[in-house]
$ cat final-v6.cif   # mmCIF, C-alpha atoms
data_structure
loop_
_atom_site.label_atom_id
_atom_site.label_comp_id
_atom_site.auth_asym_id
_atom_site.auth_seq_id
_atom_site.Cartn_x
_atom_site.Cartn_y
_atom_site.Cartn_z
CA MET A 1214 0.00 0.00 0.00
CA SER A 1215 1.35 3.39 -0.98
CA ASP A 1216 2.04 5.92 1.77
CA ARG A 1217 0.78 8.60 -0.61
CA GLU A 1218 -2.55 7.91 -2.22
CA LEU A 1219 -5.95 9.39 -2.92
CA VAL A 1220 -8.86 7.51 -1.37
CA VAL A 1221 -12.02 8.42 -3.28
CA LEU A 1222 -15.08 8.54 -1.03
CA GLY A 1223 -17.54 10.06 -3.51
CA THR A 1224 -17.61 11.43 -7.06
CA ALA A 1225 -21.10 12.83 -7.70
CA SER A 1226 -21.89 16.50 -8.25
CA GLN A 1227 -24.99 18.12 -6.78
CA ALA A 1228 -27.02 14.92 -6.38
CA PRO A 1229 -25.77 11.42 -5.48
CA THR A 1230 -26.69 8.48 -7.71
CA ARG A 1231 -27.07 4.76 -7.14
CA SER A 1232 -23.37 4.28 -7.87
CA ARG A 1233 -21.88 7.62 -6.83
CA ASN A 1234 -21.90 9.24 -3.40
CA HIS A 1235 -21.55 12.96 -2.86
CA ASN A 1236 -17.98 14.30 -2.98
CA GLY A 1237 -15.35 13.17 -0.52
CA TYR A 1238 -11.61 12.57 -0.89
CA LEU A 1239 -8.93 11.59 1.60
CA LEU A 1240 -5.32 12.24 0.62
CA ARG A 1241 -3.04 9.91 2.57
CA TRP A 1242 0.38 11.58 2.70
CA ASP A 1243 2.86 9.69 4.85
CA GLY A 1244 1.40 10.08 8.35
CA GLU A 1245 -1.08 12.80 7.38
CA GLY A 1246 -4.67 12.46 6.22
CA LEU A 1247 -6.18 15.44 4.40
CA LEU A 1248 -9.96 15.20 3.94
CA PHE A 1249 -11.26 17.29 1.06
CA ASP A 1250 -14.90 18.37 0.59
CA PRO A 1251 -16.80 15.88 2.79
CA GLY A 1252 -20.23 15.72 1.17
CA GLU A 1253 -23.30 13.98 2.54
CA GLY A 1254 -22.62 10.34 3.42
CA THR A 1255 -18.86 10.74 3.85
CA GLN A 1256 -18.84 9.11 7.29
CA ARG A 1257 -20.40 5.91 5.89
CA GLN A 1258 -18.13 5.92 2.85
CA MET A 1259 -15.16 6.07 5.22
CA LEU A 1260 -16.32 2.80 6.75
CA PHE A 1261 -16.51 1.12 3.35
CA ALA A 1262 -13.03 2.47 2.47
CA GLY A 1263 -11.45 1.39 5.76
CA ILE A 1264 -10.72 4.98 6.79
CA THR A 1265 -10.96 5.87 10.47
CA ALA A 1266 -11.63 9.27 11.98
CA THR A 1267 -8.23 9.19 13.68
CA GLN A 1268 -6.52 9.17 10.28
CA ILE A 1269 -7.79 12.67 9.52
CA THR A 1270 -5.35 15.44 10.38
CA SER A 1271 -6.74 18.23 8.15
CA ILE A 1272 -10.07 19.13 6.56
CA CYS A 1273 -10.03 21.31 3.43
CA ILE A 1274 -13.32 22.67 2.12
CA THR A 1275 -13.39 24.40 -1.25
CA HIS A 1276 -16.82 26.01 -0.82
CA PHE A 1277 -20.12 25.57 0.96
CA HIS A 1278 -22.46 24.09 -1.61
CA GLY A 1279 -24.04 21.07 0.01
CA ASP A 1280 -22.38 18.39 -2.09
CA HIS A 1281 -19.02 19.60 -0.75
CA CYS A 1282 -19.78 20.08 2.95
CA LEU A 1283 -22.95 18.40 4.22
CA GLY A 1284 -20.91 15.48 5.54
CA LEU A 1285 -18.87 17.74 7.82
CA PRO A 1286 -21.19 17.56 10.87
CA GLY A 1287 -21.14 13.77 10.88
CA VAL A 1288 -17.38 13.57 10.40
CA LEU A 1289 -16.69 16.00 13.27
CA GLN A 1290 -19.12 14.20 15.56
CA ARG A 1291 -17.48 10.88 14.73
CA MET A 1292 -14.10 12.40 15.54
CA SER A 1293 -15.45 13.40 18.93
CA LEU A 1294 -16.99 9.97 19.48
CA ASP A 1295 -13.67 8.31 18.66
CA ARG A 1296 -11.75 10.77 20.85
CA VAL A 1297 -9.28 11.74 18.11
CA PRO A 1298 -6.22 12.69 20.19
CA HIS A 1299 -4.44 15.07 17.83
CA GLN A 1300 -5.14 18.57 16.61
CA VAL A 1301 -7.12 18.79 13.37
CA ASP A 1302 -6.74 21.79 11.05
CA ALA A 1303 -9.77 23.02 9.08
CA CYS A 1304 -9.37 25.29 6.04
CA TYR A 1305 -12.32 26.93 4.29
CA PRO A 1306 -13.27 30.21 2.54
CA ALA A 1307 -13.29 32.98 5.13
CA ASP A 1308 -16.27 34.70 3.48
CA ASN A 1309 -18.49 31.89 4.76
CA GLN A 1310 -17.05 31.38 8.23
CA GLU A 1311 -20.56 31.57 9.71
CA VAL A 1312 -21.65 28.62 7.55
CA PHE A 1313 -18.75 26.56 8.84
CA THR A 1314 -19.76 27.40 12.42
CA ARG A 1315 -23.34 26.34 11.76
CA LEU A 1316 -22.22 23.05 10.23
CA ARG A 1317 -19.87 22.36 13.13
CA HIS A 1318 -22.70 22.86 15.62
CA ALA A 1319 -25.53 21.44 13.50
CA ALA A 1320 -26.49 18.94 16.22
CA LEU A 1321 -26.04 18.45 19.95
CA PHE A 1322 -23.03 16.35 20.88
CA HIS A 1323 -20.11 16.31 23.31
CA ASP A 1324 -17.58 18.24 21.22
CA VAL A 1325 -14.06 17.27 22.25
CA VAL A 1326 -12.33 17.69 18.88
CA ASN A 1327 -9.19 19.82 19.05
CA LEU A 1328 -10.11 21.74 15.91
CA ARG A 1329 -8.01 24.67 14.72
CA GLU A 1330 -9.72 26.77 12.08
CA TRP A 1331 -7.84 28.42 9.22
CA PRO A 1332 -10.29 30.67 7.30
CA VAL A 1333 -8.76 31.34 3.88
CA ARG A 1334 -8.81 35.08 3.17
CA ALA A 1335 -6.39 35.27 0.22
CA GLY A 1336 -4.15 33.15 -1.94
CA GLY A 1337 -0.99 31.70 -0.43
CA THR A 1338 0.14 29.22 2.19
CA VAL A 1339 -2.64 28.21 4.59
CA ARG A 1340 -1.00 25.39 6.51
CA GLN A 1341 2.58 24.42 7.26
CA ALA A 1342 3.41 20.84 8.19
CA ALA A 1343 6.57 18.78 8.56
CA GLY A 1344 7.92 18.34 5.06
CA PHE A 1345 5.18 20.12 3.12
CA HIS A 1346 2.83 23.07 3.06
CA VAL A 1347 -0.70 23.60 1.74
CA GLU A 1348 -1.50 26.55 -0.51
CA ALA A 1349 -4.91 27.93 -1.51
CA GLN A 1350 -6.05 30.05 -4.43
CA PRO A 1351 -9.45 31.68 -5.05
CA LEU A 1352 -11.36 30.10 -7.94
CA SER A 1353 -14.19 31.34 -10.20
CA HIS A 1354 -17.50 29.85 -9.07
CA SER A 1355 -20.93 31.18 -8.11
CA VAL A 1356 -19.98 31.40 -4.41
CA PRO A 1357 -16.62 32.01 -2.65
CA THR A 1358 -14.47 29.04 -3.59
CA VAL A 1359 -10.82 28.09 -3.18
CA GLY A 1360 -8.64 25.34 -4.60
CA TYR A 1361 -5.82 23.65 -2.72
CA ARG A 1362 -2.28 22.59 -3.53
CA LEU A 1363 0.06 20.46 -1.42
CA VAL A 1364 3.74 21.21 -1.99
CA GLU A 1365 6.45 18.96 -0.61
CA ALA A 1366 9.75 20.60 0.26
CA ASP A 1367 12.54 20.05 -2.26
CA ARG A 1368 15.25 17.68 -1.07
CA ARG A 1369 18.40 16.01 -2.34
CA ARG A 1370 18.91 12.38 -3.36
CA MET A 1371 22.18 10.86 -2.23
CA LEU A 1372 24.20 9.13 -4.96
CA PRO A 1373 25.81 5.88 -3.72
CA ALA A 1374 28.60 5.94 -6.32
CA LYS A 1375 29.60 9.48 -5.33
CA LEU A 1376 29.49 8.61 -1.64
CA ALA A 1377 31.74 5.63 -2.28
CA THR A 1378 34.24 7.84 -4.13
CA PHE A 1379 34.72 9.88 -0.94
CA GLY A 1380 34.53 6.82 1.33
CA ILE A 1381 31.41 8.07 3.12
CA THR A 1382 29.33 5.29 4.69
CA GLY A 1383 27.02 4.51 7.59
CA PRO A 1384 26.09 7.26 10.05
CA ASP A 1385 28.30 9.73 8.19
CA VAL A 1386 25.77 9.79 5.35
CA GLY A 1387 23.09 11.03 7.74
CA ARG A 1388 25.43 13.62 9.24
CA LEU A 1389 26.27 14.92 5.77
CA GLN A 1390 22.58 15.18 4.89
CA ARG A 1391 21.79 16.97 8.13
CA ASP A 1392 24.75 19.37 8.27
CA GLY A 1393 25.35 19.90 4.56
CA ARG A 1394 29.09 19.21 4.90
CA LEU A 1395 31.33 16.55 6.41
CA ALA A 1396 34.98 16.60 7.39
CA THR A 1397 36.81 13.53 6.02
CA THR A 1398 40.46 12.48 5.87
CA GLY A 1399 40.56 13.82 2.34
CA GLY A 1400 39.04 17.17 3.23
CA VAL A 1401 35.56 18.68 3.60
CA VAL A 1402 32.84 17.14 1.42
CA ARG A 1403 29.74 19.20 0.65
CA VAL A 1404 26.37 17.53 0.20
CA GLU A 1405 26.11 18.97 -3.33
CA GLN A 1406 29.15 16.87 -4.33
CA VAL A 1407 27.46 13.54 -3.56
CA SER A 1408 23.80 14.20 -4.30
CA GLU A 1409 21.39 15.62 -6.85
CA PRO A 1410 18.26 17.75 -6.45
CA ARG A 1411 15.04 15.87 -5.81
CA PRO A 1412 12.04 18.13 -6.41
CA GLY A 1413 9.25 17.62 -3.91
CA GLN A 1414 5.96 16.13 -5.01
CA ARG A 1415 2.91 18.26 -5.76
CA PHE A 1416 -0.80 17.53 -5.43
CA ALA A 1417 -3.61 19.79 -6.64
CA PHE A 1418 -7.32 19.76 -5.79
CA ILE A 1419 -9.49 21.83 -8.13
CA MET A 1420 -13.25 21.73 -7.68
CA ASP A 1421 -16.13 23.91 -8.86
CA THR A 1422 -14.68 26.64 -11.06
CA ARG A 1423 -14.64 28.14 -14.51
CA LEU A 1424 -11.34 28.31 -16.37
CA CYS A 1425 -9.17 30.83 -14.52
CA ASP A 1426 -5.50 31.59 -13.89
CA ALA A 1427 -5.70 30.17 -10.37
CA ALA A 1428 -6.65 26.71 -11.65
CA PHE A 1429 -3.50 26.60 -13.78
CA ALA A 1430 -1.38 27.89 -10.89
CA LEU A 1431 -2.67 25.18 -8.57
CA ALA A 1432 -1.95 22.44 -11.12
CA ASP A 1433 1.50 23.73 -12.08
CA GLY A 1434 3.96 20.83 -12.10
CA ALA A 1435 1.64 18.62 -10.03
CA ASP A 1436 2.18 14.88 -9.86
CA MET A 1437 -1.56 14.41 -9.39
CA VAL A 1438 -4.34 16.84 -10.25
CA VAL A 1439 -7.80 16.01 -8.93
CA CYS A 1440 -10.15 18.09 -11.04
CA GLU A 1441 -13.85 18.44 -11.54
CA ALA A 1442 -15.22 17.44 -14.95
CA THR A 1443 -18.87 18.20 -14.36
CA PHE A 1444 -19.80 18.69 -18.01
CA ALA A 1445 -18.96 17.33 -21.44
CA ASP A 1446 -17.38 19.68 -23.95
CA THR A 1447 -20.68 19.89 -25.83
CA ASP A 1448 -22.19 21.49 -22.71
CA ALA A 1449 -19.50 24.17 -22.36
CA ALA A 1450 -22.09 26.97 -22.24
CA LEU A 1451 -23.81 25.33 -19.26
CA ALA A 1452 -20.45 24.81 -17.57
CA ARG A 1453 -19.60 28.49 -17.81
CA GLU A 1454 -23.08 29.58 -16.68
CA TYR A 1455 -22.95 27.46 -13.54
CA GLY A 1456 -19.27 28.00 -12.80
CA HIS A 1457 -17.87 24.60 -13.77
CA LEU A 1458 -15.35 22.93 -16.06
CA THR A 1459 -15.80 20.59 -18.98
CA ALA A 1460 -13.69 17.46 -19.28
CA GLY A 1461 -11.71 19.01 -22.11
CA GLN A 1462 -10.99 22.09 -20.01
CA ALA A 1463 -9.75 19.87 -17.17
CA GLY A 1464 -7.43 18.22 -19.70
CA ARG A 1465 -6.22 21.61 -20.88
CA ILE A 1466 -5.39 22.67 -17.32
CA ALA A 1467 -3.36 19.47 -16.82
CA ALA A 1468 -1.57 19.86 -20.17
CA GLU A 1469 -0.60 23.51 -19.86
CA SER A 1470 0.46 22.98 -16.23
CA ARG A 1471 2.70 19.99 -17.08
CA ALA A 1472 0.85 17.73 -14.66
CA ARG A 1473 1.71 14.03 -14.57
CA LEU A 1474 -1.65 12.43 -13.74
CA LEU A 1475 -5.18 13.82 -14.11
CA VAL A 1476 -7.97 12.40 -11.96
CA LEU A 1477 -11.46 13.40 -13.13
CA THR A 1478 -14.41 13.56 -10.73
CA HIS A 1479 -17.55 15.52 -9.74
CA PHE A 1480 -19.66 14.11 -12.55
CA SER A 1481 -23.12 15.43 -13.41
CA GLN A 1482 -25.97 12.95 -12.99
CA ARG A 1483 -27.04 13.76 -16.56
CA TYR A 1484 -24.33 11.43 -17.90
CA ASP A 1485 -24.71 7.66 -17.86
CA ARG A 1486 -21.75 5.27 -17.80
CA ASP A 1487 -21.08 5.69 -21.52
CA GLY A 1488 -21.34 9.47 -21.18
CA ILE A 1489 -18.77 9.52 -18.40
CA GLN A 1490 -16.43 7.40 -20.52
CA ARG A 1491 -16.71 10.05 -23.22
CA LEU A 1492 -15.59 12.62 -20.64
CA ALA A 1493 -12.37 10.64 -20.22
CA GLY A 1494 -11.79 10.70 -23.98
CA GLN A 1495 -12.29 14.45 -24.15
CA ALA A 1496 -9.85 15.01 -21.29
CA GLU A 1497 -7.28 12.63 -22.80
CA MET A 1498 -7.44 14.41 -26.14
CA ALA A 1499 -6.69 17.76 -24.49
CA PHE A 1500 -4.13 16.46 -22.01
CA GLY A 1501 -2.15 13.81 -23.86
CA GLY A 1502 -1.21 12.20 -20.56
CA PRO A 1503 -2.75 9.58 -18.26
CA VAL A 1504 -6.34 10.22 -17.16
CA VAL A 1505 -8.22 8.34 -14.43
CA LEU A 1506 -11.99 8.43 -14.08
CA ALA A 1507 -12.48 8.37 -10.32
CA ARG A 1508 -14.90 5.81 -8.93
CA ASP A 1509 -16.22 5.63 -5.40
CA LEU A 1510 -13.81 3.77 -3.08
CA ASP A 1511 -10.92 3.84 -5.56
CA ARG A 1512 -7.42 4.13 -4.11
CA ILE A 1513 -5.15 5.98 -6.54
CA PRO A 1514 -1.42 6.18 -5.75
CA VAL A 1515 0.30 9.53 -6.16
CA PRO A 1516 2.92 8.97 -8.93
CA SER A 1517 6.49 8.80 -7.64
CA ARG A 1518 8.94 11.44 -8.78
CA HIS A 1519 11.77 8.94 -9.27
CA PRO A 1520 12.35 5.17 -8.82
CA GLY A 1521 12.03 4.21 -5.20
CA ALA A 1522 10.37 7.45 -4.12
CA GLN A 1523 7.52 7.30 -1.66
#

$ encode --input "final-v6.cif" --output "structure tokens"
Amino acid sequence: MSDRELVVLGTASQAPTRSRNHNGYLLRWDGEGLLFDPGEGTQRQMLFAGITATQITSICITHFHGDHCLGLPGVLQRMSLDRVPHQVDACYPADNQEVFTRLRHAALFHDVVNLREWPVRAGGTVRQAAGFHVEAQPLSHSVPTVGYRLVEADRRRMLPAKLATFGITGPDVGRLQRDGRLATTGGVVRVEQVSEPRPGQRFAFIMDTRLCDAAFALADGADMVVCEATFADTDAALAREYGHLTAGQAGRIAAESRARLLVLTHFSQRYDRDGIQRLAGQAEMAFGGPVVLARDLDRIPVPSRHPGAQ
């Protein structure tokens, strides 16, 4: 099992169907669990997916239309019931802070969740964690909406052949990585001499929006882009009217942003199985790279940046 994967809890837009629950996505990232847009039924979908409340360390809400947030009360109450011991960060558009408060206190329960709220007021970094940070950018929808981007810190990959040249082994490798330089019998060795840059991984989450600069910025260089594809290209006028993307536009975002994997979701109930397959074709034509049609309870690994990466 990958330590970095997307667990799909729901893929329907606006109204659930017999085969698709409302939105819900858990990004497993090493020891972190980032829950995005918990729609109605998310708590039950977590049971089917084998996800526990204690695995959630952050909640990121793009906007407050019901299919993206009506599962929040149940998730928070389950976290209280299970006595989640750690702090949980919650990010959401600041313009609708009152809505978040109402959802959090939608029912009577013994609230013991250590919840730290991060209302998003502008684009930029909204959460800093060990080894990565989360950015947000305002999108173009019918209500205040933000997209999210996880950015892993750049690191360096040690090169065994170079290390051997300088006779560096064992604990000295760790000291060199930590301090950036190491005194040896042959002189001082700098970490740049025995390693190469390893760019950090990127993950982007782009929900309800028209085409806009922020969508491209979020997807820039991402290893995985999770993107709404509510409408087919033939319904582009409807997409723009209601503040959504077509499948082809999602593919264009991935292509122009040099993304590595595009995951399509948030499908309109107007499309049957064959219609949704056509969405994949439209996205593939625009992107030219790998496209995944998300299905409820899928587990999709985040592509590695290099062989052996986690």

$ atom_distance --input "final-v6.cif" --atom1 "CA of Asp1308 in chain A" --atom2 "CA of Thr1358 in chain A"
9.2 Å

$ residues_around --input "final-v6.cif" --residues "Arg1296 in chain A" --least-positions-apart "3" --cutoff "10 Å" --atoms "only C-alpha atoms" --output "count of residues only"
11

$ residues_around --input "final-v6.cif" --residues "Pro1286 in chain A" --least-positions-apart "2" --cutoff "10 Å" --atoms "only C-alpha atoms" --output "PDB file with C-alpha atoms, in the frame of the given file"
ATOM      1  CA  PRO A1251     -16.800  15.880   2.790  1.00  0.00           C
ATOM      2  CA  GLY A1252     -20.230  15.720   1.170  1.00  0.00           C
ATOM      3  CA  GLU A1253     -23.300  13.980   2.540  1.00  0.00           C
ATOM      4  CA  GLN A1256     -18.840   9.110   7.290  1.00  0.00           C
ATOM      5  CA  CYS A1282     -19.780  20.080   2.950  1.00  0.00           C
ATOM      6  CA  LEU A1283     -22.950  18.400   4.220  1.00  0.00           C
ATOM      7  CA  GLY A1284     -20.910  15.480   5.540  1.00  0.00           C
ATOM      8  CA  VAL A1288     -17.380  13.570  10.400  1.00  0.00           C
ATOM      9  CA  LEU A1289     -16.690  16.000  13.270  1.00  0.00           C
ATOM     10  CA  GLN A1290     -19.120  14.200  15.560  1.00  0.00           C
ATOM     11  CA  ARG A1291     -17.480  10.880  14.730  1.00  0.00           C
ATOM     12  CA  MET A1292     -14.100  12.400  15.540  1.00  0.00           C
ATOM     13  CA  PHE A1313     -18.750  26.560   8.840  1.00  0.00           C
ATOM     14  CA  ARG A1315     -23.340  26.340  11.760  1.00  0.00           C
ATOM     15  CA  LEU A1316     -22.220  23.050  10.230  1.00  0.00           C
ATOM     16  CA  ARG A1317     -19.870  22.360  13.130  1.00  0.00           C
ATOM     17  CA  HIS A1318     -22.700  22.860  15.620  1.00  0.00           C
ATOM     18  CA  ALA A1319     -25.530  21.440  13.500  1.00  0.00           C
ATOM     19  CA  ALA A1320     -26.490  18.940  16.220  1.00  0.00           C
TER      20      ALA A1320
END

$ residues_around --input "final-v6.cif" --residues "Leu1389 in chain A" --least-positions-apart "2" --cutoff "10 Å" --atoms "all atoms listed in the file" --output "ChimeraX atom specification"
/A:1371,1381,1384-1387,1391-1396,1402-1405,1407

$ residues_around --input "final-v6.cif" --residues "His1354 in chain A" --least-positions-apart "2" --cutoff "9 Å" --atoms "all atoms listed in the file" --output "ChimeraX atom specification"
/A:1352,1356-1358,1421-1423,1455-1457

$ atom_distance --input "final-v6.cif" --atom1 "CA of Asn1309 in chain A" --atom2 "CA of Val1297 in chain A"
25.9 Å

$ closest_atom_pairs --input "final-v6.cif" --of "range 1288-1405 of chain A" --to "range 1222-1241 of chain A" --cutoff "12 Å" --atoms "all atoms listed in the file" --output "tab-separated table"
residue	atom	partner	partner_atom	distance
A:Val1288	CA	A:Gly1237	CA	11.1
A:Tyr1361	CA	A:Leu1240	CA	11.9
A:Arg1362	CA	A:Leu1240	CA	11.6
A:Leu1363	CA	A:Leu1240	CA	10.0

$ atom_distance --input "final-v6.cif" --atom1 "CA of Val1364 in chain A" --atom2 "CA of Pro1516 in chain A"
14.1 Å

$ residues_around --input "final-v6.cif" --residues "Ala1496 in chain A" --least-positions-apart "4" --cutoff "7 Å" --atoms "only C-alpha atoms" --output "PyMOL selection string"
chain A and resi 1460-1461+1463-1464+1492+1500

$ closest_residue --input "final-v6.cif" --among "A:Pro1332, A:Gly1399, A:Gly1434, A:Gly1337" --to "Glu1469 in chain A" --atoms "all atoms listed in the file"
A:Gly1434

$ resolve_selection --input "final-v6.cif" --expression "the PyMOL selection byres ((chain A and resi 1301) around 9)" --output "JSON, numbers by chain"
{"A": [1269, 1270, 1271, 1272, 1297, 1299, 1300, 1302, 1303, 1326, 1327, 1328, 1329, 1330]}

$ closest_residue --input "final-v6.cif" --among "A:Ser1481, A:Asp1511, A:Ala1374, A:Val1505" --to "Gly1263 in chain A" --atoms "all atoms listed in the file"
A:Asp1511

$ residues_near_point --input "final-v6.cif" --point "(3.6, 11.8, 10.1)" --cutoff "12 Å" --atoms "all atoms listed in the file" --output "PyMOL selection string"
chain A and resi 1216-1217+1241-1247+1268-1270+1299+1342-1345

$ build_atoms --input "final-v6.cif" --residues "range 1341-1354 of chain A" --atoms "N, CA and C atoms" --output "compact mmCIF listing (two decimals), in the frame of the given file"
# COMPACT_ATOMS: atom_id res chain seq x y z
N GLN A 1341 1.21 24.89 7.33
CA GLN A 1341 2.58 24.42 7.26
C GLN A 1341 2.69 23.14 8.08
N ALA A 1342 3.23 22.09 7.48
CA ALA A 1342 3.41 20.84 8.19
C ALA A 1342 4.86 20.38 8.01
N ALA A 1343 5.22 19.31 8.69
CA ALA A 1343 6.57 18.78 8.56
C ALA A 1343 6.75 18.22 7.15
N GLY A 1344 7.61 18.86 6.38
CA GLY A 1344 7.92 18.34 5.06
C GLY A 1344 7.08 18.85 3.92
N PHE A 1345 5.99 19.56 4.20
CA PHE A 1345 5.18 20.12 3.12
C PHE A 1345 4.36 21.29 3.64
N HIS A 1346 3.79 22.05 2.68
CA HIS A 1346 2.83 23.07 3.06
C HIS A 1346 1.64 23.01 2.11
N VAL A 1347 0.53 23.57 2.54
CA VAL A 1347 -0.70 23.60 1.74
C VAL A 1347 -0.97 25.04 1.33
N GLU A 1348 -1.17 25.23 0.04
CA GLU A 1348 -1.50 26.55 -0.51
C GLU A 1348 -2.97 26.57 -0.93
N ALA A 1349 -3.54 27.75 -1.01
CA ALA A 1349 -4.91 27.93 -1.51
C ALA A 1349 -4.93 29.07 -2.51
N GLN A 1350 -5.85 28.98 -3.46
CA GLN A 1350 -6.05 30.05 -4.43
C GLN A 1350 -7.54 30.21 -4.67
N PRO A 1351 -8.03 31.46 -4.77
CA PRO A 1351 -9.45 31.68 -5.05
C PRO A 1351 -9.81 31.29 -6.48
N LEU A 1352 -10.91 30.56 -6.64
CA LEU A 1352 -11.36 30.10 -7.94
C LEU A 1352 -12.58 30.90 -8.40
N SER A 1353 -13.09 30.58 -9.60
CA SER A 1353 -14.19 31.34 -10.20
C SER A 1353 -15.46 30.50 -10.23
N HIS A 1354 -16.25 30.60 -9.17
CA HIS A 1354 -17.50 29.85 -9.07
C HIS A 1354 -18.61 30.83 -8.72
